[in-house]
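Structure file model_5.txt with compact mmCIF, C-alpha atoms:
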# COMPACT_ATOMS: atom_id res chain seq x y z
CA MET A 76 -19.90 -42.77 -19.22
CA ASP A 77 -18.73 -43.54 -15.68
CA ASP A 78 -15.59 -41.42 -16.06
CA GLY A 79 -17.53 -38.41 -17.39
CA ARG A 80 -15.87 -38.55 -20.81
CA GLN A 81 -17.62 -38.85 -24.15
CA ARG A 82 -16.16 -41.61 -26.28
CA SER A 83 -15.85 -41.51 -30.04
CA GLN A 84 -18.89 -42.43 -32.11
CA ARG A 85 -19.17 -44.04 -35.52
CA ASP A 86 -19.89 -40.62 -37.02
CA ASP A 87 -16.41 -39.49 -35.93
CA LEU A 88 -14.83 -41.92 -38.43
CA LYS A 89 -14.30 -40.94 -42.04
CA ASP A 90 -15.48 -43.33 -44.75
CA HIS A 91 -12.08 -44.94 -45.38
CA ASP A 92 -11.40 -45.25 -41.64
CA LEU A 93 -14.79 -46.92 -41.14
CA THR A 94 -13.90 -49.38 -43.90
CA ARG A 95 -10.58 -50.17 -42.22
CA ALA A 96 -12.32 -50.74 -38.89
CA ARG A 97 -14.71 -53.22 -40.55
CA ILE A 98 -11.80 -55.12 -42.11
CA ARG A 99 -10.17 -55.34 -38.67
CA MET A 100 -13.47 -56.64 -37.30
CA ALA A 101 -13.62 -59.32 -40.03
CA HIS A 102 -10.11 -60.55 -39.10
CA LEU A 103 -11.05 -60.63 -35.42
CA LEU A 104 -14.35 -62.47 -35.99
CA GLU A 105 -12.52 -65.06 -38.09
CA VAL A 106 -10.25 -65.69 -35.12
CA GLU A 107 -13.09 -65.83 -32.60
CA THR A 108 -15.68 -67.79 -34.62
CA GLY A 109 -13.93 -69.11 -37.73
CA TYR A 110 -16.11 -66.95 -39.99
CA ARG A 111 -15.45 -63.39 -41.11
CA SER A 112 -19.13 -62.52 -40.74
CA GLY A 113 -19.14 -63.86 -37.19
CA SER A 114 -21.69 -66.62 -37.88
CA ARG A 115 -21.81 -69.84 -39.84
CA TYR A 116 -25.20 -68.80 -41.22
CA TRP A 117 -23.50 -66.05 -43.27
CA ALA A 118 -20.41 -68.06 -44.21
CA ARG A 119 -18.50 -66.91 -47.26
CA PRO A 120 -17.35 -69.37 -49.96
CA GLY A 121 -14.54 -71.55 -48.61
CA GLU A 122 -15.25 -70.80 -44.94
CA PRO A 123 -14.21 -71.90 -42.49
CA ARG A 124 -10.63 -72.19 -43.64
CA PRO A 125 -8.80 -75.22 -42.18
CA GLU A 126 -6.59 -73.18 -39.86
CA TYR A 127 -9.67 -71.33 -38.49
CA ASP A 128 -12.18 -74.20 -38.28
CA PRO A 129 -13.67 -73.90 -34.76
CA GLU A 130 -14.44 -77.65 -34.66
CA ARG A 131 -10.80 -78.63 -35.27
CA THR A 132 -8.77 -75.79 -33.73
CA THR A 133 -8.63 -74.00 -30.42
CA LEU A 134 -8.85 -70.21 -29.96
CA THR A 135 -5.12 -70.04 -29.21
CA GLU A 136 -4.29 -71.93 -32.41
CA ARG A 137 -6.51 -69.62 -34.43
CA ARG A 138 -4.82 -66.56 -32.93
CA ARG A 139 -1.39 -67.94 -33.80
CA ALA A 140 -2.56 -68.64 -37.35
CA LYS A 141 -3.90 -65.08 -37.70
CA VAL A 142 -0.65 -63.59 -36.40
CA ALA A 143 1.29 -65.59 -39.01
CA GLU A 144 -1.16 -64.56 -41.73
CA LEU A 145 -0.97 -60.84 -40.92
CA LYS A 146 2.82 -60.89 -40.63
CA GLY A 147 2.94 -62.40 -44.13
CA MET A 148 0.76 -59.59 -45.49
CA ASP A 149 2.32 -56.76 -47.45
CA HIS A 150 3.70 -54.24 -44.97
CA ARG A 151 1.89 -51.29 -46.57
CA GLU A 152 -1.47 -53.06 -46.41
CA ALA A 153 -0.91 -54.06 -42.80
CA LYS A 154 0.07 -50.49 -41.93
CA GLN A 155 -3.12 -49.18 -43.51
CA LEU A 156 -5.09 -51.44 -41.16
CA GLY A 157 -2.95 -50.52 -38.17
CA LEU A 158 -1.85 -54.16 -37.85
CA GLU A 159 1.81 -53.84 -38.80
CA TRP A 160 2.71 -54.92 -35.24
CA ILE A 161 0.49 -57.87 -34.33
CA SER A 162 0.70 -60.51 -31.61
CA GLU A 163 -1.58 -62.90 -29.73
CA ARG A 164 -1.85 -60.34 -26.94
CA THR A 165 -2.99 -57.72 -29.47
CA LEU A 166 -5.79 -60.01 -30.62
CA GLU A 167 -6.83 -60.57 -27.00
CA ARG A 168 -7.06 -56.82 -26.40
CA MET A 169 -9.00 -56.34 -29.63
CA ALA A 170 -11.49 -59.02 -28.59
CA ALA A 171 -12.00 -57.36 -25.21
CA LYS A 172 -12.53 -53.92 -26.77
CA TYR A 173 -14.93 -55.34 -29.34
CA ALA A 174 -16.97 -57.02 -26.62
CA GLU A 175 -17.20 -53.74 -24.68
CA HIS A 176 -17.53 -51.09 -27.39
CA GLY A 177 -18.40 -52.95 -30.58
CA LEU A 178 -16.96 -51.74 -33.88
CA MET A 179 -15.61 -48.50 -32.36
CA GLY A 180 -13.48 -50.59 -30.00
CA LEU A 181 -11.50 -51.74 -33.04
CA ALA A 182 -10.90 -48.26 -34.47
CA ASP A 183 -7.29 -47.19 -34.18
CA GLY A 184 -6.87 -44.26 -31.83
CA ARG A 185 -5.12 -42.35 -34.62
CA TRP A 186 -8.36 -42.43 -36.64
CA THR A 187 -10.62 -40.93 -33.99
CA PRO A 188 -10.56 -37.58 -32.15
CA PRO A 189 -9.40 -37.57 -28.53
CA LEU A 190 -11.89 -38.29 -25.78
CA ARG A 191 -13.89 -35.20 -24.92
CA GLY A 192 -14.44 -34.03 -21.39
CA ARG A 193 -12.40 -34.64 -18.24
CA ARG A 194 -13.44 -36.40 -15.09
CA ALA A 195 -11.49 -33.96 -12.91
CA ILE A 196 -13.32 -30.90 -14.27
CA THR A 197 -16.36 -30.65 -12.02
CA GLU A 198 -19.20 -28.15 -12.42
CA GLU A 199 -17.52 -25.78 -9.96
CA VAL A 200 -14.19 -25.84 -11.80
CA ALA A 201 -15.97 -25.56 -15.17
CA GLU A 202 -17.57 -22.35 -13.89
CA ALA A 203 -14.31 -20.98 -12.49
CA ILE A 204 -12.21 -21.38 -15.66
CA PRO A 205 -14.34 -19.13 -17.96
CA ALA A 206 -14.68 -16.59 -15.13
CA VAL A 207 -10.90 -16.39 -14.76
CA HIS A 208 -10.51 -16.15 -18.53
CA ALA A 209 -12.91 -13.19 -18.64
CA GLU A 210 -10.98 -11.53 -15.80
CA CYS A 211 -7.63 -12.04 -17.55
CA LEU A 212 -8.89 -10.32 -20.71
CA HIS A 213 -8.74 -6.95 -18.93
CA ARG A 214 -5.27 -7.47 -17.48
CA SER A 215 -1.80 -7.59 -18.89
CA LYS A 216 -0.73 -10.99 -20.13
CA VAL A 217 -0.29 -13.41 -17.20
CA SER A 218 1.27 -16.84 -16.94
CA MET A 219 -0.60 -20.11 -16.57
CA ARG A 220 0.62 -20.32 -12.96
CA THR A 221 -1.16 -17.05 -12.22
CA LYS A 222 -4.32 -18.34 -13.90
CA GLU A 223 -4.13 -21.49 -11.77
CA ARG A 224 -3.95 -19.42 -8.58
CA LEU A 225 -6.93 -17.35 -9.72
CA VAL A 226 -8.93 -20.54 -10.35
CA HIS A 227 -8.09 -21.75 -6.82
CA GLN A 228 -9.07 -18.37 -5.42
CA TYR A 229 -12.40 -18.32 -7.30
CA VAL A 230 -13.32 -21.83 -6.19
CA ARG A 231 -12.46 -21.15 -2.53
CA GLU A 232 -14.36 -17.86 -2.38
CA ARG A 233 -17.47 -19.13 -4.18
CA PHE A 234 -17.76 -22.80 -3.25
CA GLY A 235 -15.54 -23.25 -0.20
CA PRO A 236 -12.21 -24.96 0.45
CA GLU A 237 -13.66 -28.48 0.33
CA VAL A 238 -14.05 -28.37 -3.50
CA LYS A 239 -11.07 -30.03 -5.13
CA VAL A 240 -9.27 -28.25 -7.99
CA PRO A 241 -7.35 -30.36 -10.56
CA HIS A 242 -3.59 -30.32 -10.86
CA TYR A 243 -1.80 -27.56 -12.77
CA THR A 244 -1.08 -29.76 -15.80
CA THR A 245 -4.76 -30.70 -16.14
CA LEU A 246 -5.81 -27.05 -15.91
CA ALA A 247 -3.20 -26.10 -18.53
CA LYS A 248 -4.48 -28.75 -20.95
CA VAL A 249 -8.11 -27.73 -20.44
CA TRP A 250 -7.24 -24.05 -20.87
CA LYS A 251 -5.50 -24.83 -24.16
CA GLU A 252 -8.47 -26.92 -25.36
CA TRP A 253 -11.00 -24.23 -24.50
CA PHE A 254 -9.17 -21.00 -25.34
CA GLY A 255 -6.20 -21.96 -27.52
CA THR A 256 -2.48 -21.66 -26.93
CA GLY A 257 -2.62 -18.03 -25.82
CA GLY A 258 0.22 -16.93 -28.07
CA ALA A 259 -1.58 -13.86 -29.40
CA ARG A 260 -1.09 -10.37 -28.03
CA GLN A 261 -3.44 -9.41 -25.26
CA ARG A 262 -5.13 -6.62 -27.18
CA TYR A 263 -5.90 -9.01 -30.04
CA VAL A 264 -7.37 -11.52 -27.61
CA ARG A 265 -9.61 -8.80 -26.17
CA SER A 266 -10.69 -7.71 -29.64
CA ALA A 267 -11.55 -11.27 -30.66
CA ALA A 268 -13.55 -11.83 -27.46
CA ALA A 269 -15.49 -8.61 -28.05
CA VAL A 270 -16.78 -9.73 -31.46
CA GLU A 271 -20.40 -10.79 -31.33
CA THR A 272 -20.66 -13.66 -33.77
CA GLY A 273 -23.93 -14.04 -35.61
CA THR A 274 -26.13 -17.08 -35.18
CA ALA A 275 -28.16 -16.70 -38.38
CA ILE A 276 -27.58 -19.19 -41.18
CA VAL A 277 -27.14 -17.64 -44.63
CA VAL A 278 -28.43 -19.79 -47.48
CA ILE A 279 -26.57 -18.75 -50.64
CA SER A 280 -28.83 -19.26 -53.62
CA ARG A 281 -27.50 -17.03 -56.41
CA PRO A 282 -24.26 -15.56 -57.77
CA GLY A 283 -23.27 -12.26 -56.23
CA GLN A 284 -25.18 -12.81 -53.01
CA VAL A 285 -21.94 -13.17 -51.02
CA VAL A 286 -18.45 -12.27 -52.27
CA ALA A 287 -15.43 -13.00 -50.07
CA LEU A 288 -12.31 -10.81 -50.14
CA ASP A 289 -8.93 -11.89 -48.83
CA THR A 290 -5.28 -10.95 -49.24
CA THR A 291 -2.24 -13.19 -49.00
CA PRO A 292 1.47 -12.76 -49.79
CA LEU A 293 2.35 -14.43 -53.08
CA PRO A 294 4.84 -17.27 -52.40
CA VAL A 295 6.97 -16.38 -55.44
CA LYS A 296 8.78 -13.26 -56.54
CA VAL A 297 7.53 -11.14 -59.43
CA LEU A 298 9.86 -9.41 -61.88
CA ASP A 299 9.43 -5.63 -61.81
CA ASP A 300 8.86 -4.30 -65.34
CA VAL A 301 10.49 -0.93 -64.49
CA PHE A 302 13.79 -1.84 -62.85
CA GLY A 303 13.86 -5.53 -63.75
CA VAL A 304 14.37 -6.75 -60.18
CA PRO A 305 12.35 -9.43 -58.35
CA ILE A 306 9.93 -8.00 -55.81
CA SER A 307 7.39 -9.38 -53.32
CA VAL A 308 3.71 -8.86 -54.06
CA HIS A 309 0.40 -9.42 -52.29
CA LEU A 310 -2.48 -11.20 -54.02
CA THR A 311 -6.00 -9.87 -53.30
CA LEU A 312 -8.80 -12.20 -54.37
CA ALA A 313 -12.58 -11.84 -54.71
CA LEU A 314 -14.41 -15.18 -54.63
CA ASP A 315 -18.09 -15.72 -55.32
CA ALA A 316 -19.45 -17.98 -52.57
CA PHE A 317 -22.23 -19.46 -54.75
CA SER A 318 -20.27 -20.52 -57.84
CA HIS A 319 -16.83 -20.69 -56.14
CA SER A 320 -15.49 -18.75 -59.10
CA LEU A 321 -12.75 -16.14 -58.98
CA VAL A 322 -14.43 -12.90 -60.02
CA ALA A 323 -11.53 -10.46 -59.52
CA PHE A 324 -7.92 -10.35 -58.36
CA ARG A 325 -5.13 -7.81 -57.95
CA LEU A 326 -1.36 -8.07 -57.50
CA THR A 327 -0.03 -5.31 -55.25
CA PRO A 328 3.74 -4.63 -54.97
CA VAL A 329 5.24 -4.79 -51.46
CA SER A 330 1.97 -4.73 -49.47
CA ASP A 331 -1.77 -4.40 -49.97
CA SER A 332 -3.59 -1.09 -49.66
CA SER A 333 -7.13 0.16 -49.38
CA VAL A 334 -6.96 1.57 -52.92
CA GLU A 335 -6.25 -1.90 -54.32
CA VAL A 336 -9.15 -3.37 -52.34
CA ALA A 337 -11.42 -0.67 -53.77
CA MET A 338 -10.18 -1.52 -57.26
CA VAL A 339 -11.00 -5.18 -56.67
CA LEU A 340 -14.54 -4.17 -55.73
CA ARG A 341 -14.73 -2.21 -58.97
CA ASP A 342 -13.41 -5.16 -60.97
CA VAL A 343 -16.15 -7.39 -59.53
CA LEU A 344 -18.80 -5.18 -61.15
CA ARG A 345 -16.95 -4.31 -64.35
CA PRO A 346 -16.81 -6.66 -67.36
CA LEU A 347 -13.28 -7.54 -68.39
CA PRO A 348 -12.54 -6.23 -71.92
CA MET A 349 -11.01 -8.51 -74.50
CA ARG A 350 -7.42 -7.77 -75.48
CA PRO A 351 -6.35 -7.72 -79.13
CA ASP A 352 -4.09 -10.76 -78.78
CA TRP A 353 -6.70 -12.93 -77.04
CA GLY A 354 -8.35 -15.68 -79.05
CA GLU A 355 -12.02 -16.62 -79.32
CA GLU A 356 -11.68 -19.13 -76.48
CA MET A 357 -11.24 -16.19 -74.08
CA GLU A 358 -14.50 -14.51 -75.13
CA TRP A 359 -17.75 -14.45 -73.13
CA PRO A 360 -18.75 -18.16 -72.80
CA TYR A 361 -21.81 -18.10 -70.52
CA PRO A 362 -24.89 -19.86 -71.96
CA GLY A 363 -28.20 -18.03 -71.88
CA VAL A 364 -26.59 -14.56 -72.11
CA PRO A 365 -25.55 -13.61 -75.66
CA ALA A 366 -22.09 -12.09 -75.97
CA ALA A 367 -23.48 -9.40 -78.28
CA LEU A 368 -25.92 -8.25 -75.59
CA VAL A 369 -23.19 -7.99 -72.94
CA ALA A 370 -20.87 -6.21 -75.39
CA GLU A 371 -23.63 -3.71 -76.16
CA PHE A 372 -24.02 -2.85 -72.48
CA ALA A 373 -20.29 -2.70 -71.80
CA GLY A 374 -19.31 -0.93 -75.02
CA HIS A 375 -16.63 -3.50 -75.89
CA ARG A 376 -16.13 -7.23 -76.35
CA VAL A 377 -16.22 -9.00 -73.00
CA ALA A 378 -13.86 -11.71 -71.81
CA GLY A 379 -15.04 -14.78 -69.91
CA LEU A 380 -14.71 -13.45 -66.36
CA PRO A 381 -17.85 -13.33 -64.18
CA PHE A 382 -19.13 -9.90 -63.15
CA PHE A 383 -22.17 -8.89 -61.15
CA ALA A 384 -23.37 -6.50 -58.48
CA PRO A 385 -22.44 -8.05 -55.10
CA GLU A 386 -25.03 -7.79 -52.38
CA THR A 387 -22.71 -8.65 -49.46
CA VAL A 388 -18.93 -8.49 -49.34
CA THR A 389 -17.29 -10.39 -46.49
CA THR A 390 -13.74 -9.69 -45.33
CA ASP A 391 -11.41 -10.53 -42.49
CA HIS A 392 -10.24 -8.05 -39.84
CA GLY A 393 -7.28 -6.66 -41.82
CA SER A 394 -6.59 -2.95 -41.52
CA VAL A 395 -6.99 -2.37 -45.28
CA TYR A 396 -10.58 -3.64 -45.08
CA LYS A 397 -11.39 -1.37 -42.12
CA ASN A 398 -10.00 1.70 -43.86
CA HIS A 399 -12.45 4.59 -44.27
CA HIS A 400 -11.69 4.67 -47.99
CA VAL A 401 -12.93 1.10 -48.51
CA VAL A 402 -16.02 1.84 -46.42
CA SER A 403 -16.79 4.94 -48.50
CA VAL A 404 -16.31 2.91 -51.69
CA ALA A 405 -18.82 0.32 -50.48
CA ARG A 406 -21.28 3.10 -49.64
CA THR A 407 -20.88 4.67 -53.08
CA LEU A 408 -21.27 1.35 -54.90
CA GLY A 409 -24.52 0.50 -53.13
CA GLU A 410 -27.85 2.19 -53.51
CA ARG A 411 -28.67 1.00 -50.02
CA ALA A 412 -26.19 0.13 -47.30
CA ALA A 413 -26.31 -1.36 -43.82
CA ALA A 414 -24.87 1.46 -41.77
CA GLY A 415 -23.99 -0.74 -38.81
CA ALA A 416 -21.83 -3.02 -40.91
CA LEU A 417 -20.23 -0.14 -42.80
CA ASN A 418 -19.47 1.91 -39.73
CA ALA A 419 -17.95 -1.02 -37.89
CA PRO A 420 -16.52 -3.48 -40.41
CA ASP A 421 -13.85 -4.54 -37.93
CA ARG A 422 -16.54 -5.98 -35.63
CA GLN A 423 -18.88 -7.43 -38.22
CA GLY A 424 -16.28 -8.50 -40.79
CA CYS A 425 -18.75 -7.65 -43.54
CA LEU A 426 -19.60 -4.77 -45.87
CA ARG A 427 -23.14 -4.82 -47.17
CA THR A 428 -23.30 -3.03 -50.49
CA GLY A 429 -26.95 -3.80 -51.21
CA LEU A 430 -26.50 -3.27 -54.94
CA ARG A 431 -29.50 -3.54 -57.18
CA GLY A 432 -30.10 -2.91 -60.85
CA ASP A 433 -27.71 -2.83 -63.78
CA PRO A 434 -24.20 -4.10 -62.89
CA VAL A 435 -22.68 -2.35 -65.92
CA ALA A 436 -24.06 0.99 -64.80
CA ALA A 437 -22.83 0.29 -61.29
CA ALA A 438 -19.39 -0.43 -62.74
CA GLY A 439 -19.45 2.98 -64.38
CA ASN A 440 -20.19 4.58 -61.01
CA ALA A 441 -17.34 2.59 -59.47
CA ALA A 442 -14.94 3.88 -62.09
CA ARG A 443 -15.55 7.42 -60.84
CA LEU A 444 -14.66 6.55 -57.26
CA PRO A 445 -11.49 7.92 -55.64
CA GLY A 446 -8.73 5.61 -56.80
CA GLY A 447 -11.02 4.09 -59.44

Mind turning this structure into structure tokens?
Amino acid sequence: MDDGRQRSQRDDLKDHDLTRARIRMAHLLEVETGYRSGSRYWARPGEPRPEYDPERTTLTERRRAKVAELKGMDHREAKQLGLEWISERTLERMAAKYAEHGLMGLADGRWTPPLRGRRAITEEVAEAIPAVHAECLHRSKVSMRTKERLVHQYVRERFGPEVKVPHYTTLAKVWKEWFGTGGARQRYVRSAAAVETGTAIVVISRPGQVVALDTTPLPVKVLDDVFGVPISVHLTLALDAFSHSLVAFRLTPVSDSSVEVAMVLRDVLRPLPMRPDWGEEMEWPYPGVPAALVAEFAGHRVAGLPFFAPETVTTDHGSVYKNHHVVSVARTLGERAAAGALNAPDRQGCLRTGLRGDPVAAAGNAARLPGG
């Protein structure tokens, strides 16, 4: 593009937005040619309609007829098409955009992402902004005005005073687009920048290959069974990435702890026993694996909750997941372990347990863990 900005493509539109853009195009082509397809060779039944017949009406008359037609449309339908406010001038602008950009010229700006790239950001300025960002990581938190002065200083020292630097507002917008709002604490920003993200693509092909752990505050109060008062609890979940099934969960009063995370890991490997008041619909339902066989391994009737030996457990950077207790639990659960991931789970965000063999036996080992 002449202005250095990348315009939206058809792939940027969702299916329903693409359909709406095509309906807008049909209305416009009926105004311009008298036919919704744009040609008399692909005329639909009843076309051209009398008020849009190109041999009997002018373009201005057809635009006025289309304005009247769209204003008589149900307001909700017109709003879905982005044509709730329509005029002859609107149709003129739509025709000009269609002639220049085709179908994407008719897509409402609310349906497409903003234009990417900025004409004012030259190669020199694009080099200066990341350099200043890297410099600011090792300082106390500074204002955007200070960052602007550092960008000016970098450009002058490296490329000379003749290189033009954009205005402060443009730099602020670009900084926000590239690095976020900057509302986090400086030490957290440094920690996030220090993480080396992996580039390998993991293809998940079986249950237990990847299990994700996460903790969130429960949005409702829970009644304490000791004192009978409502208390806040945290919900810790274990989700199997292959089947998207919930394999274990824990409710922790007040806040989560490393012991509860370790217990969730144990619950992933351990079959859930049936309770006396549970009906047959709660019993082991998985086809291909007889319930009697699983009950023989576990020593009790098994409820219908998945269990397996996880090979990789992924977490976020919460302190409970970086605790030495959780790391030691992951080491004990696995016959083999990736020491780099276990020694630095806060950088990798992953604990590799490397479990192999019988999950029921592994569950028995987990039960003997500290806090198990």

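Nearest to A:Gly255 of all the residues A:Arg214, A:Pro241, A:His392, A:His208 is A:His208, based on all atoms listed in the file.
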
Rounded to one decimal in Å, what is the spacing between atom CA of A:Ser266 and atom CA of A:Val388?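 One can read the atom CA of A:Ser266 to atom CA of A:Val388 distance as 21.4 Å.
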
Polymer residues at most 6 Å from A:Arg111, all atoms listed in the file, same-chain spacing of 3 or more positions, as number ranges by chain: A: 101, 104-105

Could you tell me how far atom CA of A:Pro362 lies from atom CA of A:Leu314, in Å and to one decimal?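 Result for atom CA of A:Pro362 versus atom CA of A:Leu314: 20.8 Å, one decimal.
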
From the set A:Leu134, A:Leu326, A:Met338, A:Ile161, which residue has the shortest atom-to-atom contact distance to A:Lys146, counting all atoms listed in the file?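 Among A:Leu134, A:Leu326, A:Met338, A:Ile161, it is A:Ile161 that comes nearest to A:Lys146.
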
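Restricting the calculation to all atoms listed in the file, the smallest distance between A:Glu223 and any of A:Pro348, A:Pro236, A:Ala203, A:Glu175 is found for A:Ala203.
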
Atom CA of A:His375 to atom CA of A:Trp353 measures 13.7 Å

Would you please work out which residue, of A:Val329, A:Val336, A:Ala153, A:Val377, is nearest to A:Ser394 when using only C-alpha atoms? A:Val336

Skip A:Gln261 itself and residues of its chain fewer than 5 positions away, then list as a PyMOL selection string all residues within 12 Å of it, counting only C-alpha atoms. chain A and resi 208+211-217+266-268

Within 10 Å of A:Ser318 using all atoms listed in the file, minus same-chain residues under 4 positions, as JSON, numbers by chain: {"A": [279, 280, 281, 282, 283, 314, 322, 381]}

Selection export as a compact mmCIF listing (two decimals), keeping the file's coordinate frame, atoms kept: C-alpha atoms:
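And here is the file that came out, result.txt:
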# COMPACT_ATOMS: atom_id res chain seq x y z
CA ILE A 279 -26.57 -18.75 -50.64
CA SER A 280 -28.83 -19.26 -53.62
CA ARG A 281 -27.50 -17.03 -56.41
CA PRO A 282 -24.26 -15.56 -57.77
CA GLY A 283 -23.27 -12.26 -56.23
CA LEU A 314 -14.41 -15.18 -54.63
CA VAL A 322 -14.43 -12.90 -60.02
CA PRO A 381 -17.85 -13.33 -64.18

Please determine, counting all atoms listed in the file, which residue among A:Arg345, A:Arg224, A:His400, A:Lys248 has the shortest atom-to-atom distance to A:Gly374. A:Arg345

Residues proximal to (-16.4, -24.2, -12.5) were defined as those with any atom within 10 Å of that point in the file's coordinates, counting all atoms listed in the file. Which are they, as a ChimeraX atom specification? /A:196-207,226,229-230,233-234,240

Store the residues of this selection in a file with C-alpha atoms, as an mmCIF file, keeping the file's coordinate frame.
data_model
loop_
_atom_site.group_PDB
_atom_site.id
_atom_site.type_symbol
_atom_site.label_atom_id
_atom_site.label_comp_id
_atom_site.auth_asym_id
_atom_site.auth_seq_id
_atom_site.Cartn_x
_atom_site.Cartn_y
_atom_site.Cartn_z
ATOM 1 C CA ILE A 196 -13.320 -30.900 -14.270
ATOM 2 C CA THR A 197 -16.360 -30.650 -12.020
ATOM 3 C CA GLU A 198 -19.200 -28.150 -12.420
ATOM 4 C CA GLU A 199 -17.520 -25.780 -9.960
ATOM 5 C CA VAL A 200 -14.190 -25.840 -11.800
ATOM 6 C CA ALA A 201 -15.970 -25.560 -15.170
ATOM 7 C CA GLU A 202 -17.570 -22.350 -13.890
ATOM 8 C CA ALA A 203 -14.310 -20.980 -12.490
ATOM 9 C CA ILE A 204 -12.210 -21.380 -15.660
ATOM 10 C CA PRO A 205 -14.340 -19.130 -17.960
ATOM 11 C CA ALA A 206 -14.680 -16.590 -15.130
ATOM 12 C CA VAL A 207 -10.900 -16.390 -14.760
ATOM 13 C CA VAL A 226 -8.930 -20.540 -10.350
ATOM 14 C CA TYR A 229 -12.400 -18.320 -7.300
ATOM 15 C CA VAL A 230 -13.320 -21.830 -6.190
ATOM 16 C CA ARG A 233 -17.470 -19.130 -4.180
ATOM 17 C CA PHE A 234 -17.760 -22.800 -3.250
ATOM 18 C CA VAL A 240 -9.270 -28.250 -7.990
#

Nearest residue to A:Asp289 out of A:Leu344, A:Val369, A:Val395, A:Met357, using all atoms listed in the file?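 Of A:Leu344, A:Val369, A:Val395, A:Met357, the one nearest A:Asp289 is A:Val395, counting all atoms listed in the file.
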
Regenerate stretch 222-226 of chain A at the level of all heavy atoms and dump it as a PDB file, keeping the file's coordinate frame.
ATOM      1  N   LYS A 222      -2.943 -17.917 -13.624  1.00  0.00           N
ATOM      2  CA  LYS A 222      -4.320 -18.340 -13.900  1.00  0.00           C
ATOM      3  C   LYS A 222      -4.735 -19.474 -12.979  1.00  0.00           C
ATOM      4  O   LYS A 222      -5.886 -19.530 -12.517  1.00  0.00           O
ATOM      5  CB  LYS A 222      -4.441 -18.764 -15.357  1.00  0.00           C
ATOM      6  CG  LYS A 222      -4.150 -17.648 -16.355  1.00  0.00           C
ATOM      7  CD  LYS A 222      -4.078 -18.174 -17.775  1.00  0.00           C
ATOM      8  CE  LYS A 222      -3.659 -17.075 -18.760  1.00  0.00           C
ATOM      9  NZ  LYS A 222      -3.473 -17.588 -20.133  1.00  0.00           N
ATOM     10  N   GLU A 223      -3.810 -20.396 -12.691  1.00  0.00           N
ATOM     11  CA  GLU A 223      -4.130 -21.490 -11.770  1.00  0.00           C
ATOM     12  C   GLU A 223      -4.461 -20.947 -10.388  1.00  0.00           C
ATOM     13  O   GLU A 223      -5.443 -21.390  -9.754  1.00  0.00           O
ATOM     14  CB  GLU A 223      -2.948 -22.461 -11.698  1.00  0.00           C
ATOM     15  CG  GLU A 223      -3.188 -23.620 -10.743  1.00  0.00           C
ATOM     16  CD  GLU A 223      -1.901 -24.288 -10.298  1.00  0.00           C
ATOM     17  OE1 GLU A 223      -0.841 -23.662 -10.419  1.00  0.00           O
ATOM     18  OE2 GLU A 223      -1.980 -25.423  -9.796  1.00  0.00           O
ATOM     19  N   ARG A 224      -3.669 -19.992  -9.899  1.00  0.00           N
ATOM     20  CA  ARG A 224      -3.950 -19.420  -8.580  1.00  0.00           C
ATOM     21  C   ARG A 224      -5.294 -18.689  -8.563  1.00  0.00           C
ATOM     22  O   ARG A 224      -6.031 -18.742  -7.566  1.00  0.00           O
ATOM     23  CB  ARG A 224      -2.821 -18.465  -8.173  1.00  0.00           C
ATOM     24  CG  ARG A 224      -1.527 -19.173  -7.841  1.00  0.00           C
ATOM     25  CD  ARG A 224      -0.552 -18.238  -7.161  1.00  0.00           C
ATOM     26  NE  ARG A 224      -0.081 -17.196  -8.064  1.00  0.00           N
ATOM     27  CZ  ARG A 224       1.002 -17.297  -8.820  1.00  0.00           C
ATOM     28  NH1 ARG A 224       1.729 -18.413  -8.795  1.00  0.00           N
ATOM     29  NH2 ARG A 224       1.380 -16.299  -9.605  1.00  0.00           N
ATOM     30  N   LEU A 225      -5.636 -18.026  -9.661  1.00  0.00           N
ATOM     31  CA  LEU A 225      -6.930 -17.350  -9.720  1.00  0.00           C
ATOM     32  C   LEU A 225      -8.087 -18.346  -9.722  1.00  0.00           C
ATOM     33  O   LEU A 225      -9.146 -18.080  -9.146  1.00  0.00           O
ATOM     34  CB  LEU A 225      -6.988 -16.481 -10.980  1.00  0.00           C
ATOM     35  CG  LEU A 225      -6.073 -15.248 -11.001  1.00  0.00           C
ATOM     36  CD1 LEU A 225      -6.130 -14.562 -12.355  1.00  0.00           C
ATOM     37  CD2 LEU A 225      -6.455 -14.281  -9.892  1.00  0.00           C
ATOM     38  N   VAL A 226      -7.894 -19.501 -10.384  1.00  0.00           N
ATOM     39  CA  VAL A 226      -8.930 -20.540 -10.350  1.00  0.00           C
ATOM     40  C   VAL A 226      -9.118 -21.054  -8.933  1.00  0.00           C
ATOM     41  O   VAL A 226     -10.248 -21.219  -8.449  1.00  0.00           O
ATOM     42  CB  VAL A 226      -8.565 -21.680 -11.325  1.00  0.00           C
ATOM     43  CG1 VAL A 226      -9.503 -22.867 -11.129  1.00  0.00           C
ATOM     44  CG2 VAL A 226      -8.620 -21.209 -12.765  1.00  0.00           C
TER      45      VAL A 226
END
